[in-house]
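Chemist: Next comes the structure file final-v1.cif, holding mmCIF, N, CA and C atoms.
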```
data_target
#
loop_
_atom_site.label_atom_id
_atom_site.label_comp_id
_atom_site.auth_asym_id
_atom_site.auth_seq_id
_atom_site.Cartn_x
_atom_site.Cartn_y
_atom_site.Cartn_z
N GLN O 1 101.42 103.00 85.40
CA GLN O 1 101.29 103.46 86.78
C GLN O 1 100.08 102.82 87.45
N VAL O 2 100.24 102.59 88.72
CA VAL O 2 99.14 102.04 89.53
C VAL O 2 98.88 103.00 90.68
N ARG O 3 97.63 103.27 90.93
CA ARG O 3 97.25 104.11 92.06
C ARG O 3 96.59 103.22 93.12
N LEU O 4 97.06 103.37 94.36
CA LEU O 4 96.49 102.63 95.49
C LEU O 4 95.82 103.61 96.44
N VAL O 5 94.57 103.37 96.76
CA VAL O 5 93.82 104.27 97.63
C VAL O 5 93.29 103.48 98.82
N GLU O 6 93.78 103.84 100.01
CA GLU O 6 93.36 103.16 101.23
C GLU O 6 92.19 103.90 101.87
N SER O 7 91.41 103.16 102.64
CA SER O 7 90.33 103.75 103.43
C SER O 7 90.04 102.83 104.62
N GLY O 8 89.34 103.38 105.60
CA GLY O 8 88.87 102.56 106.71
C GLY O 8 89.58 102.77 108.03
N GLY O 9 90.60 103.61 108.06
CA GLY O 9 91.28 103.86 109.33
C GLY O 9 90.42 104.68 110.27
N GLY O 10 90.92 104.85 111.50
CA GLY O 10 90.19 105.64 112.46
C GLY O 10 90.63 105.36 113.87
N LEU O 11 89.83 105.85 114.81
CA LEU O 11 90.09 105.66 116.23
C LEU O 11 89.19 104.55 116.76
N VAL O 12 89.78 103.61 117.49
CA VAL O 12 89.03 102.50 118.04
C VAL O 12 89.56 102.18 119.42
N GLN O 13 88.69 101.68 120.27
CA GLN O 13 89.11 101.29 121.62
C GLN O 13 89.83 99.95 121.59
N PRO O 14 90.68 99.70 122.57
CA PRO O 14 91.33 98.37 122.65
C PRO O 14 90.29 97.26 122.64
N GLY O 15 90.61 96.21 121.88
CA GLY O 15 89.67 95.10 121.72
C GLY O 15 88.71 95.27 120.57
N GLY O 16 88.68 96.45 119.98
CA GLY O 16 87.77 96.73 118.88
C GLY O 16 88.26 96.22 117.54
N SER O 17 87.50 96.54 116.51
CA SER O 17 87.80 96.06 115.17
C SER O 17 87.73 97.20 114.16
N LEU O 18 88.51 97.06 113.12
CA LEU O 18 88.46 97.95 111.96
C LEU O 18 88.71 97.11 110.71
N ARG O 19 88.19 97.61 109.59
CA ARG O 19 88.45 96.97 108.31
C ARG O 19 89.02 98.01 107.36
N LEU O 20 90.23 97.74 106.89
CA LEU O 20 90.88 98.61 105.93
C LEU O 20 90.65 98.08 104.52
N SER O 21 90.55 99.00 103.58
CA SER O 21 90.41 98.64 102.17
C SER O 21 91.48 99.35 101.36
N CYS O 22 91.93 98.70 100.30
CA CYS O 22 92.88 99.31 99.37
C CYS O 22 92.44 98.96 97.96
N ALA O 23 92.08 99.98 97.21
CA ALA O 23 91.65 99.78 95.84
C ALA O 23 92.76 100.19 94.88
N ALA O 24 93.07 99.31 93.94
CA ALA O 24 94.10 99.58 92.94
C ALA O 24 93.44 99.95 91.61
N SER O 25 94.04 100.90 90.94
CA SER O 25 93.56 101.30 89.62
C SER O 25 94.77 101.62 88.74
N GLY O 26 94.54 101.54 87.43
CA GLY O 26 95.62 101.81 86.49
C GLY O 26 96.14 100.53 85.88
N SER O 27 97.45 100.43 85.74
CA SER O 27 98.11 99.31 85.07
C SER O 27 98.25 98.11 86.02
N ILE O 28 97.14 97.46 86.29
CA ILE O 28 97.10 96.38 87.28
C ILE O 28 98.02 95.23 86.88
N PHE O 29 98.24 95.02 85.59
CA PHE O 29 99.09 93.93 85.13
C PHE O 29 100.53 94.09 85.62
N ASP O 30 100.87 95.28 86.08
CA ASP O 30 102.24 95.58 86.51
C ASP O 30 102.55 95.09 87.92
N ILE O 31 101.54 94.64 88.67
CA ILE O 31 101.78 94.30 90.07
C ILE O 31 101.73 92.80 90.32
N LEU O 32 102.61 92.37 91.25
CA LEU O 32 102.73 90.97 91.61
C LEU O 32 101.68 90.53 92.61
N GLY O 33 101.38 91.40 93.52
CA GLY O 33 100.47 91.08 94.61
C GLY O 33 100.15 92.36 95.35
N MET O 34 99.43 92.23 96.46
CA MET O 34 99.10 93.39 97.28
C MET O 34 99.14 93.01 98.75
N GLY O 35 99.38 93.99 99.56
CA GLY O 35 99.43 93.70 100.98
C GLY O 35 99.47 94.96 101.81
N TRP O 36 99.70 94.78 103.10
CA TRP O 36 99.66 95.87 104.07
C TRP O 36 100.95 95.93 104.88
N TYR O 37 101.42 97.13 105.07
CA TYR O 37 102.53 97.43 105.96
C TYR O 37 102.03 98.51 106.93
N ARG O 38 102.79 98.71 107.98
CA ARG O 38 102.46 99.79 108.91
C ARG O 38 103.73 100.43 109.47
N GLN O 39 103.57 101.67 109.91
CA GLN O 39 104.69 102.39 110.50
C GLN O 39 104.19 103.17 111.69
N ALA O 40 104.71 102.82 112.85
CA ALA O 40 104.39 103.53 114.08
C ALA O 40 105.38 104.66 114.28
N PRO O 41 105.03 105.68 115.06
CA PRO O 41 105.95 106.80 115.29
C PRO O 41 107.29 106.32 115.84
N GLY O 42 108.36 106.76 115.21
CA GLY O 42 109.70 106.42 115.67
C GLY O 42 110.16 105.01 115.33
N LYS O 43 109.35 104.29 114.56
CA LYS O 43 109.72 102.92 114.21
C LYS O 43 109.79 102.76 112.69
N GLN O 44 110.44 101.68 112.27
CA GLN O 44 110.53 101.39 110.85
C GLN O 44 109.22 100.80 110.34
N ARG O 45 109.01 100.99 109.06
CA ARG O 45 107.84 100.38 108.43
C ARG O 45 108.00 98.86 108.46
N GLU O 46 106.91 98.17 108.77
CA GLU O 46 106.98 96.72 108.89
C GLU O 46 105.82 96.04 108.15
N LEU O 47 106.06 94.82 107.74
CA LEU O 47 105.03 94.03 107.07
C LEU O 47 103.95 93.67 108.09
N VAL O 48 102.71 93.75 107.65
CA VAL O 48 101.57 93.32 108.47
C VAL O 48 100.99 92.03 107.88
N ALA O 49 100.56 92.10 106.64
CA ALA O 49 99.98 90.95 105.97
C ALA O 49 100.04 91.19 104.47
N VAL O 50 100.41 90.16 103.73
CA VAL O 50 100.52 90.29 102.28
C VAL O 50 100.04 89.04 101.57
N PHE O 51 99.61 89.23 100.33
CA PHE O 51 99.43 88.13 99.40
C PHE O 51 100.71 88.05 98.57
N THR O 52 101.25 86.86 98.44
CA THR O 52 102.42 86.68 97.60
C THR O 52 101.98 86.51 96.15
N SER O 53 102.96 86.48 95.23
CA SER O 53 102.64 86.31 93.81
C SER O 53 101.97 84.97 93.54
N SER O 54 102.20 83.98 94.41
CA SER O 54 101.58 82.66 94.24
C SER O 54 100.21 82.58 94.89
N GLY O 55 99.80 83.67 95.55
CA GLY O 55 98.48 83.68 96.17
C GLY O 55 98.47 83.28 97.63
N ASN O 56 99.63 82.93 98.16
CA ASN O 56 99.70 82.59 99.58
C ASN O 56 99.68 83.87 100.41
N THR O 57 99.49 83.70 101.72
CA THR O 57 99.48 84.86 102.61
C THR O 57 100.60 84.75 103.63
N ASN O 58 101.14 85.90 103.99
CA ASN O 58 102.13 86.00 105.06
C ASN O 58 101.65 87.02 106.07
N TYR O 59 101.79 86.71 107.33
CA TYR O 59 101.39 87.63 108.40
C TYR O 59 102.56 87.87 109.35
N ALA O 60 102.61 89.07 109.90
CA ALA O 60 103.54 89.32 110.99
C ALA O 60 103.09 88.49 112.19
N ASP O 61 104.05 87.99 112.95
CA ASP O 61 103.72 87.18 114.12
C ASP O 61 102.81 87.94 115.09
N SER O 62 103.02 89.25 115.16
CA SER O 62 102.28 90.06 116.13
C SER O 62 100.78 90.18 115.80
N VAL O 63 100.40 89.86 114.57
CA VAL O 63 98.99 90.01 114.20
C VAL O 63 98.31 88.69 113.87
N LYS O 64 99.06 87.61 113.87
CA LYS O 64 98.47 86.30 113.54
C LYS O 64 97.34 85.97 114.51
N GLY O 65 96.25 85.50 113.95
CA GLY O 65 95.09 85.16 114.77
C GLY O 65 94.17 86.34 115.04
N ARG O 66 94.62 87.55 114.74
CA ARG O 66 93.79 88.74 114.98
C ARG O 66 93.43 89.44 113.67
N PHE O 67 94.36 89.47 112.74
CA PHE O 67 94.15 90.16 111.46
C PHE O 67 93.95 89.14 110.35
N THR O 68 93.13 89.51 109.38
CA THR O 68 92.90 88.65 108.21
C THR O 68 92.95 89.50 106.95
N ILE O 69 93.80 89.08 106.00
CA ILE O 69 93.87 89.75 104.71
C ILE O 69 93.00 88.99 103.72
N SER O 70 92.27 89.72 102.91
CA SER O 70 91.44 89.10 101.88
C SER O 70 91.43 90.01 100.66
N ARG O 71 90.86 89.52 99.57
CA ARG O 71 90.86 90.34 98.36
C ARG O 71 89.64 90.02 97.51
N ASP O 72 89.30 91.01 96.69
CA ASP O 72 88.26 90.87 95.69
C ASP O 72 88.91 91.19 94.36
N ASN O 73 89.27 90.16 93.60
CA ASN O 73 89.99 90.36 92.35
C ASN O 73 89.17 91.16 91.34
N ALA O 74 87.87 90.98 91.37
CA ALA O 74 87.01 91.69 90.42
C ALA O 74 87.05 93.20 90.66
N LYS O 75 87.31 93.58 91.90
CA LYS O 75 87.37 95.01 92.26
C LYS O 75 88.79 95.51 92.42
N ASN O 76 89.78 94.62 92.20
CA ASN O 76 91.19 94.99 92.41
C ASN O 76 91.38 95.61 93.80
N THR O 77 90.78 94.99 94.78
CA THR O 77 90.78 95.54 96.13
C THR O 77 91.26 94.48 97.12
N VAL O 78 92.07 94.92 98.06
CA VAL O 78 92.52 94.06 99.14
C VAL O 78 92.03 94.65 100.45
N TYR O 79 91.69 93.79 101.39
CA TYR O 79 91.14 94.21 102.67
C TYR O 79 92.02 93.71 103.81
N LEU O 80 91.94 94.39 104.92
CA LEU O 80 92.59 93.94 106.14
C LEU O 80 91.57 94.05 107.27
N GLN O 81 91.07 92.92 107.71
CA GLN O 81 90.16 92.88 108.84
C GLN O 81 90.99 92.77 110.10
N MET O 82 90.85 93.74 110.98
CA MET O 82 91.65 93.79 112.20
C MET O 82 90.73 93.65 113.40
N ASN O 83 90.89 92.57 114.12
CA ASN O 83 90.11 92.31 115.33
C ASN O 83 91.03 92.28 116.54
N GLY O 84 90.45 92.45 117.70
CA GLY O 84 91.25 92.41 118.91
C GLY O 84 92.36 93.43 118.91
N LEU O 85 92.06 94.64 118.45
CA LEU O 85 93.10 95.65 118.31
C LEU O 85 93.70 96.04 119.65
N LYS O 86 95.00 96.30 119.62
CA LYS O 86 95.77 96.66 120.81
C LYS O 86 96.39 98.04 120.60
N PRO O 87 96.72 98.74 121.68
CA PRO O 87 97.37 100.05 121.52
C PRO O 87 98.64 99.97 120.66
N GLU O 88 99.35 98.87 120.73
CA GLU O 88 100.57 98.74 119.94
C GLU O 88 100.30 98.55 118.44
N ASP O 89 99.06 98.40 118.06
CA ASP O 89 98.70 98.36 116.64
C ASP O 89 98.57 99.77 116.06
N THR O 90 98.64 100.78 116.90
CA THR O 90 98.55 102.15 116.43
C THR O 90 99.68 102.47 115.47
N ALA O 91 99.31 102.91 114.28
CA ALA O 91 100.30 103.19 113.23
C ALA O 91 99.59 103.76 112.01
N VAL O 92 100.39 104.22 111.08
CA VAL O 92 99.86 104.51 109.74
C VAL O 92 99.98 103.22 108.93
N TYR O 93 98.88 102.80 108.36
CA TYR O 93 98.86 101.57 107.59
C TYR O 93 98.91 101.91 106.10
N TYR O 94 99.83 101.25 105.41
CA TYR O 94 100.07 101.51 104.00
C TYR O 94 99.75 100.29 103.15
N CYS O 95 99.10 100.51 102.06
CA CYS O 95 98.89 99.47 101.06
C CYS O 95 100.14 99.40 100.18
N ASN O 96 100.53 98.19 99.83
CA ASN O 96 101.75 97.97 99.05
C ASN O 96 101.47 97.01 97.91
N ALA O 97 102.05 97.30 96.75
CA ALA O 97 101.90 96.42 95.59
C ALA O 97 103.24 96.28 94.89
N PRO O 98 103.95 95.16 95.08
CA PRO O 98 105.23 94.96 94.40
C PRO O 98 105.03 94.88 92.89
N ARG O 99 106.01 95.37 92.17
CA ARG O 99 105.95 95.41 90.71
C ARG O 99 106.74 94.27 90.10
N TRP O 100 106.27 93.75 88.98
CA TRP O 100 107.02 92.74 88.25
C TRP O 100 108.41 93.27 87.87
N SER O 101 108.51 94.53 87.58
CA SER O 101 109.76 95.12 87.10
C SER O 101 110.69 95.55 88.23
N GLY O 102 110.27 95.32 89.48
CA GLY O 102 111.08 95.74 90.62
C GLY O 102 110.48 96.96 91.30
N GLY O 103 110.78 97.13 92.56
CA GLY O 103 110.18 98.22 93.31
C GLY O 103 108.74 97.91 93.66
N ALA O 104 108.04 98.92 94.12
CA ALA O 104 106.66 98.71 94.54
C ALA O 104 105.90 100.02 94.51
N TYR O 105 104.61 99.90 94.39
CA TYR O 105 103.72 101.04 94.56
C TYR O 105 103.27 101.09 96.01
N TRP O 106 103.04 102.30 96.50
CA TRP O 106 102.56 102.51 97.86
C TRP O 106 101.35 103.43 97.84
N GLY O 107 100.43 103.17 98.76
CA GLY O 107 99.33 104.09 98.96
C GLY O 107 99.76 105.25 99.85
N GLN O 108 98.82 106.15 100.10
CA GLN O 108 99.14 107.35 100.87
C GLN O 108 99.11 107.09 102.38
N GLY O 109 98.54 105.97 102.78
CA GLY O 109 98.48 105.62 104.19
C GLY O 109 97.18 106.02 104.85
N THR O 110 96.79 105.25 105.84
CA THR O 110 95.60 105.57 106.62
C THR O 110 95.92 105.34 108.10
N GLN O 111 95.54 106.30 108.93
CA GLN O 111 95.90 106.25 110.35
C GLN O 111 94.96 105.33 111.11
N VAL O 112 95.54 104.45 111.91
CA VAL O 112 94.79 103.61 112.84
C VAL O 112 95.28 103.93 114.25
N THR O 113 94.37 104.35 115.10
CA THR O 113 94.71 104.69 116.47
C THR O 113 93.87 103.84 117.41
N VAL O 114 94.56 103.11 118.29
CA VAL O 114 93.87 102.25 119.25
C VAL O 114 94.11 102.85 120.64
N SER O 115 93.05 103.37 121.21
CA SER O 115 93.18 104.07 122.49
C SER O 115 91.84 104.13 123.18
N SER O 116 91.89 104.11 124.51
CA SER O 116 90.67 104.26 125.29
C SER O 116 90.46 105.72 125.67
#
```
Show the structure stored in the file as structure tokens.

Modeler:
Amino acid sequence: QVRLVESGGGLVQPGGSLRLSCAASGSIFDILGMGWYRQAPGKQRELVAVFTSSGNTNYADSVKGRFTISRDNAKNTVYLQMNGLKPEDTAVYYCNAPRWSGGAYWGQGTQVTVSS
């Protein structure tokens, strides 16, 4: 089992910045990579930014140039630096870790609200 714990969400004004963190613990060998998804009210969960199993990164078009995913392998932690936040970025952000055996682990989510 792998436990994912997110932190760093909150309320920010449009144009502001936040940094999310996701720390993984447990059977780390079971996961292919780590990344971030989000779900806004009334919408489906969507990919935000991920590291693939080969170490490459994928970003949603809506966040390219504003968000940056990074990681600290020594700490089993992945980060999401979010700059230039917009009201439409408001969502619950979830950490995701696909498993070698199929399926994925999910964190509990952290709320990001962008509002003046």

Chemist: Using all atoms listed in the file, find the one residue out of O:Tyr37, O:Tyr105, O:Tyr79, O:Phe67 that sits nearest to O:Leu4.

Modeler: O:Tyr105

Chemist: Would you list the residues near (103.5, 98.7, 84.3), meaning any protein, DNA or RNA residue with an atom at most 8 Å from that point in file coordinates, counting only N, CA and C atoms, as a list of chain:residue names?

Modeler: O:Gln1, O:Val2, O:Gly26, O:Ser27, O:Ile28, O:Phe29, O:Asp30, O:Ile31, O:Arg99, O:Trp100, O:Ser101

Chemist: Give me the result of the PyMOL selection byres ((chain O and resi 9) around 6.5) on this file, residue by residue, as a PyMOL selection string.

Modeler: chain O and resi 6-8+10-11+19-21+110-113

Chemist: What gap, in Å, lies between atom N of O:Glu46 and atom C of O:Ala24?

Modeler: 21.9 Å

Chemist: Starting from the PyMOL selection byres ((chain O and resi 114) around 6.5), expand the selection into actual residues of this file and give them as a ChimeraX atom specification.

Modeler: /O:10-14,85-87,89-91,112-113,115-116

Chemist: What does the structure give for the distance between atom N of O:Ser62 and atom C of O:Gly107, in Å to one decimal?

Modeler: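 Taking atom N of O:Ser62 as the start and atom C of O:Gly107 as the end point, the length is 22.4 Å.
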
Chemist: Suppose a student applies the PyMOL selection byres (((chain O and resi 50 and name CA) around 6) and name CA) to this structure; what residues should they get, written as number ranges by chain?

Modeler: O: 35-36, 49, 51, 57-58

Chemist: How far is it from atom N of O:Gly16 to atom CA of O:Val92, in Å with one decimal?

Modeler: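 Interatomic distance here is 17.2 Å.
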
Chemist: Identify, on the basis of all atoms listed in the file, every residue whose closest approach to O:Arg66 does not exceed 7 Å; exclude the query and any residue fewer than 2 positions from it along the same chain; express the result as a list in words.

Modeler: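 Residues meeting the cut-off are Ser62, Val63, Lys64, Thr68, Gln81, Met82, Asn83 and Gly84 of chain O.
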
Chemist: I need the residues in chain O that are strand (DSSP E or B) according to DSSP; give them as a PyMOL selection string.

Modeler: chain O and resi 2-7+10-12+18-26+31+35-39+46-51+57-59+67-72+77-82+91-99+104-106+110-114

Chemist: As a ChimeraX atom specification, please: all residues of stretch 68-112 of chain O that backbone DSSP puts in helix (DSSP H, G or I).

Modeler: /O:73-75,87-89

Chemist: Find the axis-aligned box for stretch 76-86 of chain O, covering all its listed atoms and adding 4 Å on each side, and write its centre and edge lengths in Å to one decimal as AutoDock Vina command-line options.

Modeler:
```
--center_x 93.1 --center_y 95.2 --center_z 106.5 --size_x 14.6 --size_y 13.8 --size_z 36.6
```

Chemist: Using only C-alpha atoms, can you tell me which of O:Leu32, O:Gly15, O:Arg38, O:Asn73 comes closest to O:Thr52?

Modeler: O:Leu32
